[in-house]
Structure formats: structure tokens, C-alpha cells
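Novice: Please find protein.txt (compact mmCIF, C-alpha atoms) on the next line:
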# COMPACT_ATOMS: atom_id res chain seq x y z
CA MET Y 12 -14.53 -100.82 -2.76
CA THR Y 13 -15.92 -103.72 -4.76
CA LEU Y 14 -18.79 -102.98 -7.11
CA THR Y 15 -21.68 -105.35 -7.71
CA ALA Y 16 -21.94 -107.03 -11.10
CA GLU Y 17 -24.79 -104.64 -11.98
CA GLN Y 18 -22.81 -101.56 -10.95
CA GLU Y 19 -19.78 -102.74 -12.93
CA ALA Y 20 -21.99 -103.28 -15.98
CA ILE Y 21 -23.44 -99.76 -15.61
CA ARG Y 22 -19.94 -98.34 -15.26
CA GLU Y 23 -18.81 -100.06 -18.47
CA VAL Y 24 -21.83 -98.87 -20.43
CA VAL Y 25 -21.44 -95.25 -19.33
CA ARG Y 26 -17.66 -95.32 -19.90
CA GLU Y 27 -18.21 -96.58 -23.44
CA PHE Y 28 -20.76 -93.83 -24.04
CA ALA Y 29 -18.35 -91.23 -22.63
CA VAL Y 30 -15.48 -92.38 -24.84
CA GLU Y 31 -17.46 -92.87 -28.03
CA GLU Y 32 -20.10 -90.14 -27.84
CA ILE Y 33 -18.83 -87.39 -25.53
CA GLN Y 34 -15.03 -87.16 -25.75
CA PRO Y 35 -14.88 -86.76 -29.55
CA ILE Y 36 -16.94 -83.55 -29.42
CA ALA Y 37 -15.88 -82.20 -26.00
CA ALA Y 38 -13.17 -79.86 -27.31
CA ALA Y 39 -15.42 -78.41 -30.01
CA CYS Y 40 -18.26 -77.84 -27.56
CA ASP Y 41 -15.87 -76.08 -25.20
CA ARG Y 42 -14.51 -73.92 -28.02
CA GLU Y 43 -17.96 -73.08 -29.39
CA GLU Y 44 -19.57 -72.75 -25.94
CA ARG Y 45 -22.23 -75.18 -27.14
CA PHE Y 46 -24.02 -77.72 -25.01
CA PRO Y 47 -24.26 -81.06 -26.89
CA GLU Y 48 -28.00 -81.71 -26.92
CA GLU Y 49 -27.39 -84.90 -28.90
CA VAL Y 50 -25.39 -86.24 -25.96
CA TRP Y 51 -28.20 -85.26 -23.58
CA ASP Y 52 -30.63 -87.25 -25.69
CA GLY Y 53 -28.22 -90.18 -25.54
CA LEU Y 54 -28.16 -89.99 -21.74
CA ALA Y 55 -31.96 -90.03 -21.77
CA GLU Y 56 -31.93 -93.17 -23.93
CA LEU Y 57 -29.72 -94.79 -21.28
CA ASP Y 58 -32.30 -93.77 -18.63
CA LEU Y 59 -29.71 -91.59 -16.90
CA THR Y 60 -31.81 -88.40 -16.93
CA GLY Y 61 -34.09 -90.26 -14.53
CA LEU Y 62 -31.21 -91.29 -12.29
CA THR Y 63 -32.75 -89.95 -9.06
CA VAL Y 64 -36.40 -90.50 -9.99
CA PRO Y 65 -38.29 -93.32 -8.23
CA GLU Y 66 -39.20 -96.34 -10.34
CA GLU Y 67 -42.95 -95.74 -9.98
CA TYR Y 68 -42.51 -92.58 -12.09
CA GLY Y 69 -40.39 -94.35 -14.70
CA GLY Y 70 -37.04 -93.48 -13.18
CA PHE Y 71 -33.77 -95.31 -12.57
CA ASP Y 72 -33.94 -94.78 -8.78
CA ALA Y 73 -30.19 -95.22 -8.35
CA ASP Y 74 -28.57 -95.77 -4.98
CA ALA Y 75 -25.86 -93.29 -3.98
CA LEU Y 76 -22.98 -95.49 -5.09
CA THR Y 77 -24.46 -96.07 -8.54
CA TYR Y 78 -25.13 -92.33 -8.78
CA ALA Y 79 -21.45 -91.68 -8.03
CA ILE Y 80 -20.31 -94.22 -10.62
CA VAL Y 81 -22.45 -92.64 -13.35
CA ASN Y 82 -21.23 -89.13 -12.50
CA GLU Y 83 -17.62 -90.25 -12.60
CA GLU Y 84 -17.93 -91.86 -15.99
CA VAL Y 85 -19.94 -89.04 -17.58
CA ALA Y 86 -17.30 -86.57 -16.34
CA TYR Y 87 -14.67 -88.78 -17.94
CA GLY Y 88 -16.36 -87.67 -21.17
CA THR Y 89 -16.60 -84.01 -20.19
CA LEU Y 90 -17.46 -82.18 -16.99
CA ALA Y 91 -19.95 -79.84 -18.68
CA VAL Y 92 -22.32 -82.70 -19.44
CA ALA Y 93 -21.84 -84.29 -16.02
CA THR Y 94 -22.64 -80.98 -14.34
CA ALA Y 95 -25.81 -80.55 -16.39
CA LEU Y 96 -26.88 -84.06 -15.45
CA SER Y 97 -26.19 -83.63 -11.74
CA VAL Y 98 -28.14 -80.36 -11.59
CA HIS Y 99 -31.06 -81.94 -13.44
CA CYS Y 100 -30.88 -84.70 -10.83
CA LEU Y 101 -30.88 -82.12 -8.02
CA ALA Y 102 -34.15 -80.81 -9.39
CA THR Y 103 -35.74 -84.25 -9.73
CA SER Y 104 -34.50 -85.17 -6.25
CA CYS Y 105 -36.21 -82.11 -4.77
CA ILE Y 106 -39.50 -82.92 -6.46
CA ALA Y 107 -39.27 -86.63 -5.58
CA GLU Y 108 -38.36 -86.02 -1.92
CA PHE Y 109 -40.38 -82.94 -1.04
CA GLY Y 110 -43.21 -82.81 -3.58
CA ASP Y 111 -46.66 -84.27 -3.01
CA GLU Y 112 -48.15 -86.94 -5.22
CA GLN Y 113 -49.69 -84.42 -7.61
CA GLN Y 114 -46.38 -82.60 -8.08
CA ARG Y 115 -44.47 -85.83 -8.61
CA GLU Y 116 -47.00 -87.03 -11.18
CA ARG Y 117 -46.91 -83.65 -12.91
CA TRP Y 118 -43.16 -83.42 -13.39
CA LEU Y 119 -41.19 -86.59 -12.84
CA PRO Y 120 -42.41 -88.82 -15.70
CA GLU Y 121 -41.55 -86.05 -18.18
CA MET Y 122 -38.21 -85.22 -16.59
CA VAL Y 123 -37.18 -88.87 -16.80
CA SER Y 124 -37.13 -88.39 -20.58
CA GLY Y 125 -34.72 -85.48 -20.19
CA ARG Y 126 -37.31 -82.89 -21.22
CA PRO Y 127 -38.02 -80.64 -19.49
CA VAL Y 128 -34.52 -80.09 -18.18
CA GLY Y 129 -34.31 -79.18 -14.50
CA ALA Y 130 -32.47 -76.27 -12.89
CA PHE Y 131 -31.72 -75.52 -9.23
CA CYS Y 132 -32.05 -71.86 -8.21
CA LEU Y 133 -30.43 -71.22 -4.84
CA SER Y 134 -27.40 -68.93 -5.31
CA GLU Y 135 -27.80 -65.18 -5.71
CA PRO Y 136 -25.46 -62.30 -6.60
CA GLY Y 137 -25.05 -61.51 -2.90
CA ALA Y 138 -25.72 -64.93 -1.41
CA GLY Y 139 -23.54 -67.82 -2.48
CA SER Y 140 -21.96 -69.75 0.38
CA ASN Y 141 -24.55 -68.33 2.81
CA PRO Y 142 -28.00 -68.90 1.27
CA ALA Y 143 -29.69 -67.51 4.39
CA GLU Y 144 -28.73 -64.06 3.06
CA MET Y 145 -30.87 -64.45 -0.08
CA THR Y 146 -33.15 -61.58 -1.00
CA THR Y 147 -35.56 -63.33 -3.40
CA THR Y 148 -39.05 -63.23 -1.92
CA ALA Y 149 -42.28 -65.15 -2.40
CA GLU Y 150 -45.24 -63.18 -1.06
CA ARG Y 151 -48.51 -64.99 -0.59
CA GLU Y 152 -51.59 -63.45 -2.19
CA GLY Y 153 -54.63 -65.62 -1.65
CA ASP Y 154 -53.95 -69.04 -3.13
CA GLU Y 155 -50.93 -67.76 -5.10
CA TYR Y 156 -47.33 -66.75 -4.44
CA VAL Y 157 -45.61 -63.83 -6.17
CA ILE Y 158 -41.86 -64.34 -6.61
CA ASP Y 159 -39.43 -61.45 -7.04
CA GLY Y 160 -35.65 -61.60 -7.11
CA ASP Y 161 -32.54 -62.66 -8.97
CA LYS Y 162 -30.64 -65.95 -8.99
CA GLN Y 163 -27.11 -66.41 -10.29
CA TRP Y 164 -24.77 -69.21 -11.44
CA ILE Y 165 -27.69 -71.32 -12.61
CA THR Y 166 -26.57 -74.40 -14.54
CA ASN Y 167 -29.04 -75.38 -17.30
CA GLY Y 168 -30.31 -71.82 -16.98
CA GLU Y 169 -31.35 -71.34 -20.60
CA ARG Y 170 -32.05 -75.04 -21.30
CA ALA Y 171 -34.35 -75.62 -18.35
CA GLY Y 172 -38.09 -76.09 -18.54
CA VAL Y 173 -38.57 -76.35 -14.77
CA TYR Y 174 -36.82 -74.43 -12.00
CA VAL Y 175 -36.62 -75.45 -8.36
CA VAL Y 176 -36.54 -72.05 -6.65
CA PHE Y 177 -35.75 -71.02 -3.10
CA ALA Y 178 -37.27 -67.78 -1.82
CA LYS Y 179 -38.09 -66.07 1.45
CA THR Y 180 -41.70 -66.24 2.55
CA ALA Y 181 -40.77 -64.29 5.70
CA PRO Y 182 -37.58 -62.51 6.80
CA ASP Y 183 -36.21 -65.65 8.45
CA GLU Y 184 -38.06 -68.30 6.42
CA ILE Y 185 -36.91 -69.86 3.16
CA THR Y 186 -39.36 -71.95 1.17
CA GLN Y 187 -38.89 -74.19 -1.85
CA PHE Y 188 -41.02 -73.94 -5.02
CA VAL Y 189 -41.19 -75.55 -8.44
CA VAL Y 190 -41.64 -72.98 -11.20
CA PRO Y 191 -42.42 -73.80 -14.85
CA GLY Y 192 -39.99 -72.33 -17.35
CA ASP Y 193 -42.76 -70.56 -19.26
CA ALA Y 194 -44.04 -68.62 -16.24
CA ASP Y 195 -44.75 -64.95 -16.97
CA GLY Y 196 -42.07 -62.73 -15.48
CA LEU Y 197 -39.32 -65.36 -15.53
CA THR Y 198 -36.33 -64.10 -17.52
CA VAL Y 199 -33.10 -65.94 -18.29
CA GLY Y 200 -29.98 -63.80 -18.55
CA PRO Y 201 -27.09 -64.23 -21.00
CA ARG Y 202 -24.55 -67.00 -20.55
CA GLU Y 203 -21.66 -66.29 -18.22
CA ASP Y 204 -18.29 -66.05 -19.98
CA LYS Y 205 -16.38 -68.55 -17.85
CA LEU Y 206 -12.82 -69.82 -17.41
CA GLY Y 207 -13.91 -73.42 -17.83
CA LEU Y 208 -17.08 -75.49 -18.16
CA ARG Y 209 -17.68 -73.42 -21.26
CA ALA Y 210 -20.07 -75.88 -22.88
CA SER Y 211 -22.41 -75.55 -19.91
CA ASP Y 212 -25.08 -72.85 -20.01
CA THR Y 213 -24.56 -70.96 -16.75
CA THR Y 214 -26.88 -67.97 -16.51
CA SER Y 215 -28.73 -65.66 -14.17
CA VAL Y 216 -32.48 -66.11 -13.76
CA SER Y 217 -34.74 -63.21 -12.77
CA PHE Y 218 -38.23 -63.34 -11.28
CA ASP Y 219 -40.32 -60.22 -11.73
CA GLY Y 220 -43.76 -60.68 -10.25
CA VAL Y 221 -43.85 -64.38 -11.18
CA ARG Y 222 -47.20 -65.74 -10.04
CA ILE Y 223 -47.50 -69.41 -9.21
CA PRO Y 224 -50.31 -71.33 -7.51
CA GLU Y 225 -49.93 -72.64 -3.99
CA SER Y 226 -49.69 -76.12 -5.52
CA CYS Y 227 -46.18 -75.18 -6.75
CA ARG Y 228 -44.83 -74.96 -3.20
CA LEU Y 229 -42.63 -77.98 -2.49
CA THR Y 230 -41.97 -77.52 1.23
CA PRO Y 231 -43.97 -76.02 4.08
CA GLU Y 232 -43.13 -72.38 4.57
CA GLY Y 233 -39.77 -72.00 6.29
CA ARG Y 234 -38.56 -75.53 5.53
CA GLY Y 235 -36.76 -74.72 2.29
CA LEU Y 236 -33.25 -74.10 3.59
CA SER Y 237 -33.01 -77.41 5.44
CA ALA Y 238 -34.32 -79.11 2.31
CA ALA Y 239 -31.70 -77.40 0.16
CA LEU Y 240 -28.86 -78.33 2.49
CA SER Y 241 -30.07 -81.92 2.62
CA ILE Y 242 -30.13 -82.21 -1.16
CA LEU Y 243 -26.79 -80.44 -1.59
CA THR Y 244 -25.09 -82.74 0.92
CA GLY Y 245 -25.99 -85.70 -1.27
CA GLY Y 246 -25.07 -83.71 -4.35
CA ARG Y 247 -21.52 -83.31 -3.07
CA ILE Y 248 -20.99 -87.01 -3.71
CA GLY Y 249 -21.81 -86.34 -7.35
CA ILE Y 250 -19.32 -83.46 -7.58
CA ALA Y 251 -16.64 -85.56 -5.88
CA ALA Y 252 -17.27 -88.34 -8.39
CA GLN Y 253 -17.11 -85.90 -11.29
CA SER Y 254 -13.78 -84.62 -10.00
CA VAL Y 255 -12.48 -88.19 -10.00
CA GLY Y 256 -13.70 -88.83 -13.55
CA LEU Y 257 -12.10 -85.63 -14.86
CA ALA Y 258 -8.82 -86.42 -13.07
CA GLN Y 259 -8.82 -89.97 -14.44
CA ASP Y 260 -9.15 -88.56 -17.94
CA ALA Y 261 -6.15 -86.29 -17.31
CA LEU Y 262 -4.13 -89.21 -15.94
CA ASP Y 263 -4.96 -91.47 -18.89
CA ARG Y 264 -4.01 -88.74 -21.36
CA SER Y 265 -0.72 -88.25 -19.51
CA ILE Y 266 0.12 -91.95 -19.54
CA ALA Y 267 -0.56 -92.14 -23.27
CA TYR Y 268 1.56 -89.07 -23.95
CA ALA Y 269 4.44 -90.22 -21.75
CA THR Y 270 4.68 -93.58 -23.51
CA GLU Y 271 4.67 -91.99 -26.98
CA ARG Y 272 6.70 -88.80 -26.50
CA GLU Y 273 10.44 -89.32 -26.86
CA GLN Y 274 13.26 -87.20 -25.47
CA PHE Y 275 16.95 -88.10 -25.51
CA GLY Y 276 16.21 -91.20 -27.56
CA GLU Y 277 13.61 -92.82 -25.30
CA PRO Y 278 9.99 -92.31 -24.19
CA ILE Y 279 9.70 -89.83 -21.35
CA ALA Y 280 7.88 -92.60 -19.45
CA GLU Y 281 11.34 -94.08 -18.85
CA ILE Y 282 12.37 -91.00 -16.86
CA GLN Y 283 12.03 -91.69 -13.16
CA SER Y 284 10.67 -88.24 -12.26
CA VAL Y 285 7.89 -88.69 -14.83
CA GLN Y 286 7.12 -92.13 -13.42
CA HIS Y 287 6.91 -90.70 -9.92
CA THR Y 288 4.60 -87.93 -11.11
CA LEU Y 289 2.28 -90.47 -12.74
CA ALA Y 290 2.35 -92.54 -9.55
CA ASP Y 291 1.38 -89.48 -7.50
CA MET Y 292 -1.42 -88.67 -9.93
CA HIS Y 293 -2.77 -92.21 -9.73
CA ALA Y 294 -2.65 -92.18 -5.92
CA THR Y 295 -4.54 -88.88 -5.88
CA VAL Y 296 -7.24 -90.16 -8.24
CA GLU Y 297 -7.65 -93.42 -6.35
CA SER Y 298 -7.84 -91.63 -2.99
CA GLY Y 299 -10.64 -89.43 -4.27
CA ARG Y 300 -12.44 -92.41 -5.77
CA GLN Y 301 -12.37 -94.48 -2.59
CA LEU Y 302 -13.43 -91.57 -0.38
CA THR Y 303 -16.31 -90.83 -2.76
CA ARG Y 304 -17.50 -94.40 -2.81
CA GLU Y 305 -17.22 -94.64 0.97
CA ALA Y 306 -19.35 -91.50 1.34
CA ALA Y 307 -21.90 -93.02 -1.04
CA ARG Y 308 -21.92 -96.23 0.97
CA LYS Y 309 -22.55 -94.25 4.15
CA LYS Y 310 -25.42 -92.38 2.50
CA ASP Y 311 -27.00 -95.63 1.37
CA ALA Y 312 -26.58 -97.06 4.89
CA GLY Y 313 -28.05 -93.97 6.54
CA SER Y 314 -24.86 -93.41 8.52
CA ALA Y 315 -24.88 -90.54 11.01
CA ASP Y 316 -21.57 -89.15 9.72
CA PHE Y 317 -22.57 -89.21 6.06
CA ALA Y 318 -22.48 -85.39 5.75
CA ARG Y 319 -18.90 -85.19 6.95
CA ALA Y 320 -17.88 -88.08 4.69
CA ALA Y 321 -19.47 -86.30 1.70
CA SER Y 322 -17.56 -83.11 2.50
CA VAL Y 323 -14.28 -85.01 2.91
CA ALA Y 324 -14.82 -86.70 -0.46
CA LYS Y 325 -15.76 -83.47 -2.21
CA TYR Y 326 -12.82 -81.58 -0.73
CA VAL Y 327 -10.18 -84.23 -1.42
CA ALA Y 328 -11.44 -85.18 -4.89
CA SER Y 329 -11.88 -81.63 -6.18
CA GLU Y 330 -8.56 -80.35 -4.87
CA GLY Y 331 -7.03 -83.56 -6.21
CA ALA Y 332 -8.46 -82.86 -9.65
CA MET Y 333 -6.69 -79.50 -9.63
CA ASP Y 334 -3.40 -81.19 -8.68
CA VAL Y 335 -3.72 -83.95 -11.27
CA THR Y 336 -4.66 -81.66 -14.16
CA ASN Y 337 -1.81 -79.32 -13.24
CA GLU Y 338 0.66 -82.21 -13.39
CA ALA Y 339 -0.91 -83.38 -16.67
CA ILE Y 340 0.00 -80.07 -18.26
CA GLN Y 341 3.52 -80.33 -16.87
CA ILE Y 342 3.99 -83.81 -18.32
CA HIS Y 343 2.80 -82.60 -21.71
CA GLY Y 344 5.23 -79.68 -21.52
CA GLY Y 345 4.61 -76.93 -24.06
CA TYR Y 346 1.96 -79.05 -25.77
CA GLY Y 347 0.02 -79.12 -22.51
CA TYR Y 348 -0.36 -75.36 -22.71
CA THR Y 349 -2.03 -75.63 -26.11
CA THR Y 350 -5.44 -77.01 -27.01
CA ASP Y 351 -3.93 -79.89 -29.02
CA PHE Y 352 -4.04 -82.50 -26.27
CA GLY Y 353 -7.01 -81.36 -24.19
CA VAL Y 354 -5.35 -81.24 -20.77
CA GLU Y 355 -5.56 -77.44 -20.59
CA ARG Y 356 -9.35 -77.78 -20.91
CA LEU Y 357 -9.38 -80.31 -18.09
CA TYR Y 358 -7.31 -77.93 -15.96
CA ARG Y 359 -9.75 -75.08 -16.61
CA ASP Y 360 -12.74 -77.31 -15.89
CA ALA Y 361 -11.27 -78.75 -12.70
CA LYS Y 362 -11.25 -75.39 -10.92
CA ILE Y 363 -15.02 -75.17 -10.69
CA THR Y 364 -15.21 -78.43 -8.74
CA THR Y 365 -13.52 -76.63 -5.83
CA ILE Y 366 -16.19 -73.91 -5.91
CA TYR Y 367 -19.71 -75.08 -6.77
CA GLU Y 368 -22.00 -76.94 -4.38
CA GLY Y 369 -19.86 -75.66 -1.53
CA THR Y 370 -16.35 -74.27 -1.83
CA SER Y 371 -13.35 -76.13 -0.43
CA GLN Y 372 -13.39 -73.67 2.46
CA ILE Y 373 -17.02 -74.54 3.23
CA GLN Y 374 -16.16 -78.26 3.11
CA LYS Y 375 -13.35 -77.75 5.62
CA THR Y 376 -15.76 -75.90 7.89
CA VAL Y 377 -18.25 -78.78 7.71
CA ILE Y 378 -15.50 -81.30 8.39
CA ALA Y 379 -14.16 -79.33 11.37
CA ARG Y 380 -17.61 -78.93 12.90
CA GLY Y 381 -18.14 -82.66 12.64
CA LEU Y 382 -14.86 -83.34 14.37
CA LEU Y 383 -15.41 -80.81 17.13
CA ASP Y 384 -19.04 -81.77 17.78
Give the structure from the file, written as C-alpha cells.
Specialist:
Amino acid sequence: MTLTAEQEAIREVVREFAVEEIQPIAAACDREERFPEEVWDGLAELDLTGLTVPEEYGGFDADALTYAIVNEEVAYGTLAVATALSVHCLATSCIAEFGDEQQRERWLPEMVSGRPVGAFCLSEPGAGSNPAEMTTTAEREGDEYVIDGDKQWITNGERAGVYVVFAKTAPDEITQFVVPGDADGLTVGPREDKLGLRASDTTSVSFDGVRIPESCRLTPEGRGLSAALSILTGGRIGIAAQSVGLAQDALDRSIAYATEREQFGEPIAEIQSVQHTLADMHATVESGRQLTREAARKKDAGSADFARAASVAKYVASEGAMDVTNEAIQIHGGYGYTTDFGVERLYRDAKITTIYEGTSQIQKTVIARGLLD
């Protein structure tokens, strides 16, 4: 799919930032489990922390295709930063789409600057793929709500200054709220010790009698689940794009290694089986890229089958990232199993793309329902 001159210029700028500012520190951040705040500030200077914020609040107001391009290129630097950015954008999207004018004026101009960081609190210890089973409650008391419950797998958990929270206001009603990070009774748990995405701060968040005014409610009571699903459907384009960016990084590293590494007196790139593996990797990356951009185009066009296209893109691109990073390790041989060349980190990171914002199994269910309906 052809990009506009503006989109190509944005892609080049973000790719340069990823190569020069993110990739050099990605391995250290993974090893130290440290989120690179200096990189976050750099994204803010590029106006990317306002990617999904309308222009009237100082934001970038990107279309879906531009959003995908940015996510792909940031993930080319490292997935941990791209994930933090996409979750921040989920939060700003919720406030922009469902908040009233007062809420938008309160939060969006500040969040454009990258501070406060946004978090998205939907998943719970016992409610991941099925958010309708959540147990967090928001009981109304006069002109306030009192929130009690626990959320899990929260990206930006300890960095966030604003949390978009989903809670039950009745047994069968989920409502969406915006909760300031300094609210009394809000507690952030320790970081999860994860296989990959180790530079990202993934935590639990607990709400113990957190009182917020009615003005913090983003949706009418009972409209929160449909709002969450709507936002997450668009978010799947971002995860698909991130999968493509990560896989492209693995492919590029493999090409560089294959042309430099010699066996039997010649570069291993001269071996036909290696060539075929690289060709397969490229085809996988390009398939994910084109499906992602097509899903973004359908979202921008308001196409009726956008949700299915987003699930197809997320499923193919994320599973493809697992395949490509696996082959990258194989091409690197024993070195691929060490931390020297970075492909083992990409392999570890790739796995999460098949899980968060809807597992591959959930995507196949969405796709099948679309076909059968």
C-alpha cells in the first residue's frame, strides 16, 4: 500500500529516532528492567505522545494508517517503548472519544506532553479474555463513586499519572472512569517478572475505597464494555504494526549476520537454505505489514468489516513475529541463543504480541464469527 509523502516522511523520522535513540539502549534496558524515560521524552518532543489526541487539544490526531506506521517504527527500536506508547494512546483515545468537554480539557493537553502517562485498567486476575467477568465495582454514593477491586497486567502501571478504569456499577453493567494517579486508596503493585518486554513496567493496580467525583465517569453507566471493545479493536492495529516492526528488526539483523558470518570459506548467505529462510521471513513480515495497513485503511474509511480485518492483521502479524524471530535465532546459530546479537530478546518480546489486547485464539474467534455471520 502506497504511503502519502507526509506518511513516508513521518516513517523516516520515527525510524531514524528508533535506530539512533532507542536501539542502542534497548538491550541494557531489557537487562536492567528499566524503562527509558529519556526516550519517552524524545517521543513527546516528536509529538507522538499526543498521537491519538485531537488537534484542538494540541494533539497529533493521527489517522489509523499513520498510527500503524508510528507503532511499527517505534517497535523497530524496541517493543517495550512501543507498548508503553500504545497504552498511553489507548487512554487518550478513551478520554477523547468518551469524555465530555471538561474531561478532555482537564487531561488531554497535559497528556500530549507525555506527562501524565496514561494506563488502561481492564484486565483482572480472574478476568482477562472475558472482561464481563470482572469483579471490580464502582458504587455510587451521592455525587461520588467508590471503586474497589484489583486490576492486573497494567502497562505503565507505576509510571502512570492517570488510569482509565473499568468497573461494575451493577451486576451486569460495566462503566468507564478516569482516575487520577494520586487518588487515595489507589495502590500500584510490584513489577511483574516477565519472560520478555522486561523494560516495560507491568504491574497490578488495586483500588481500596477510591473515591472519585461523578465528573470522572467517562461513559454512561453500563456503556463501558462496549467502549472498551471499541477502543481495543482499533488498538489491535497498533499491536499488529508493532509485531511487524519487531519482526523487521529480526529480519534485518539476520540479513546482516548472514552476509558477514562465514562457514566453509564463504558467507552463510550463499547457502541456499539460508536464502530460502530469509525469503520466508521477508514474506511473513510483508504479509503482516500489508494486512495491518489494509485494516488501518478500512478503519479510516469506516468499513463495516474493519473489526475482522483488525483481528486478521493482529493474528497474522503477531504469529508471524514469533516465526520470524525463531528463524532469526536459527540463522544466528549458537550466537542467537546468547545476548550478543539481540535476537533472543526479540524472540522473548514477540511472544507477548500473541497474548495482549486479545490472544490469537480470541482473534480467530472474532474472525470466524465475522465469516459465519
Novice: Each residue of stretch 259-354 of chain Y lying at most 10 Å from stretch 224-244 of chain Y should get a row with its shortest atom-to-atom pair and the distance in Å to one decimal, counting all atoms listed in the file; could you produce that, ordered by chain and increasing number, as CSV?
Specialist:
residue,atom,partner,partner_atom,distance
Y:Lys310,CA,Y:Thr244,CA,9.8
Y:Phe317,CA,Y:Thr244,CA,8.6
Y:Ala318,CA,Y:Thr244,CA,6.1
Y:Arg319,CA,Y:Thr244,CA,9.0
Y:Ala320,CA,Y:Thr244,CA,9.7
Y:Ala321,CA,Y:Thr244,CA,6.7
Y:Ser322,CA,Y:Thr244,CA,7.7
Y:Lys325,CA,Y:Thr244,CA,9.9
Novice: As a list of chain:residue names, please: the residues near stretch 354-365 of chain Y (cut-off 7 Å, all atoms listed in the file, same-chain neighbours under 4 positions excluded).
Specialist: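 Final neighbour list, sorted by chain and number: Y:Leu90, Y:Leu206, Y:Gly207, Y:Leu208, Y:Ile250, Y:Ser254, Y:Leu257, Y:Ala261, Y:Ser329, Y:Glu330, Y:Ala332, Y:Met333, Y:Thr336, Y:Asn337, Y:Ala339, Y:Ile340, Y:Gly347, Y:Tyr348, Y:Thr349, Y:Thr350, Y:Thr370, Y:Ser371.
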Novice: In terms of the shortest atom-to-atom distance over all atoms listed in the file, which of Y:Val24, Y:Leu54, Y:Ala324, Y:Leu262 is closest to Y:Val123?
Specialist: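 So, comparing all the options, the nearest one is Y:Leu54.
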Novice: When you look at Y:Gln283 with a cut-off of 12 Å (counting all atoms listed in the file), what residues show up, excluding the ones that are within fewer than 6 positions of it in the same chain? I need them as an MDAnalysis selection string.
Specialist: chainID Y and resid 269 289:290
Novice: Using only C-alpha atoms, can you tell me which of Y:Thr60, Y:Ser265, Y:Ser97, Y:Gln274 comes closest to Y:Phe352?
Specialist: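 The answer is Y:Ser265, which sits nearest to Y:Phe352.
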Novice: Go through stretch 122-228 of chain Y residue by residue and, counting all atoms listed in the file, keep those with an atom at most 6 Å from stretch 35-51 of chain Y; for each kept residue give the shortest atom pair and its distance in Å to one decimal, ordered by chain and increasing number, as JSON lines.
Specialist:
{"residue": "Y:Arg209", "atom": "CA", "partner": "Y:Asp41", "partner_atom": "CA", "distance": 5.1}
{"residue": "Y:Ala210", "atom": "CA", "partner": "Y:Glu44", "partner_atom": "CA", "distance": 4.4}
{"residue": "Y:Ser211", "atom": "CA", "partner": "Y:Phe46", "partner_atom": "CA", "distance": 5.8}
Novice: Counting only C-alpha atoms, which residue out of Y:Ser124, Y:Thr89, Y:Thr288, Y:Gln18 sits closest to Y:Val255?
Specialist: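 Answer, going by the shortest atom-to-atom distance: Y:Thr89.
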Novice: Rounded to one decimal place, report the atom CA of Y:Tyr78-atom CA of Y:Ile373 distance in Å.
Specialist: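 Between these atoms lies a distance of 22.9 Å.
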Novice: What is the atom CA of Y:Tyr156 to atom CA of Y:Thr180 distance in Å?
Specialist: 9.0 Å
Novice: Let me make sure I understand: among Y:Gly53, Y:Pro65, Y:Gly369, Y:Gly200, which one has the smallest atom-to-atom distance to Y:Gly246 if we use only C-alpha atoms?
Specialist: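 Closest residue, counting only C-alpha atoms: Y:Gly369.
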Novice: My list of candidates is Y:Ile185, Y:Pro191, Y:Gly137, Y:Val81. Which is closest to Y:Arg117 when distances are computed with only C-alpha atoms?
Specialist: Y:Pro191
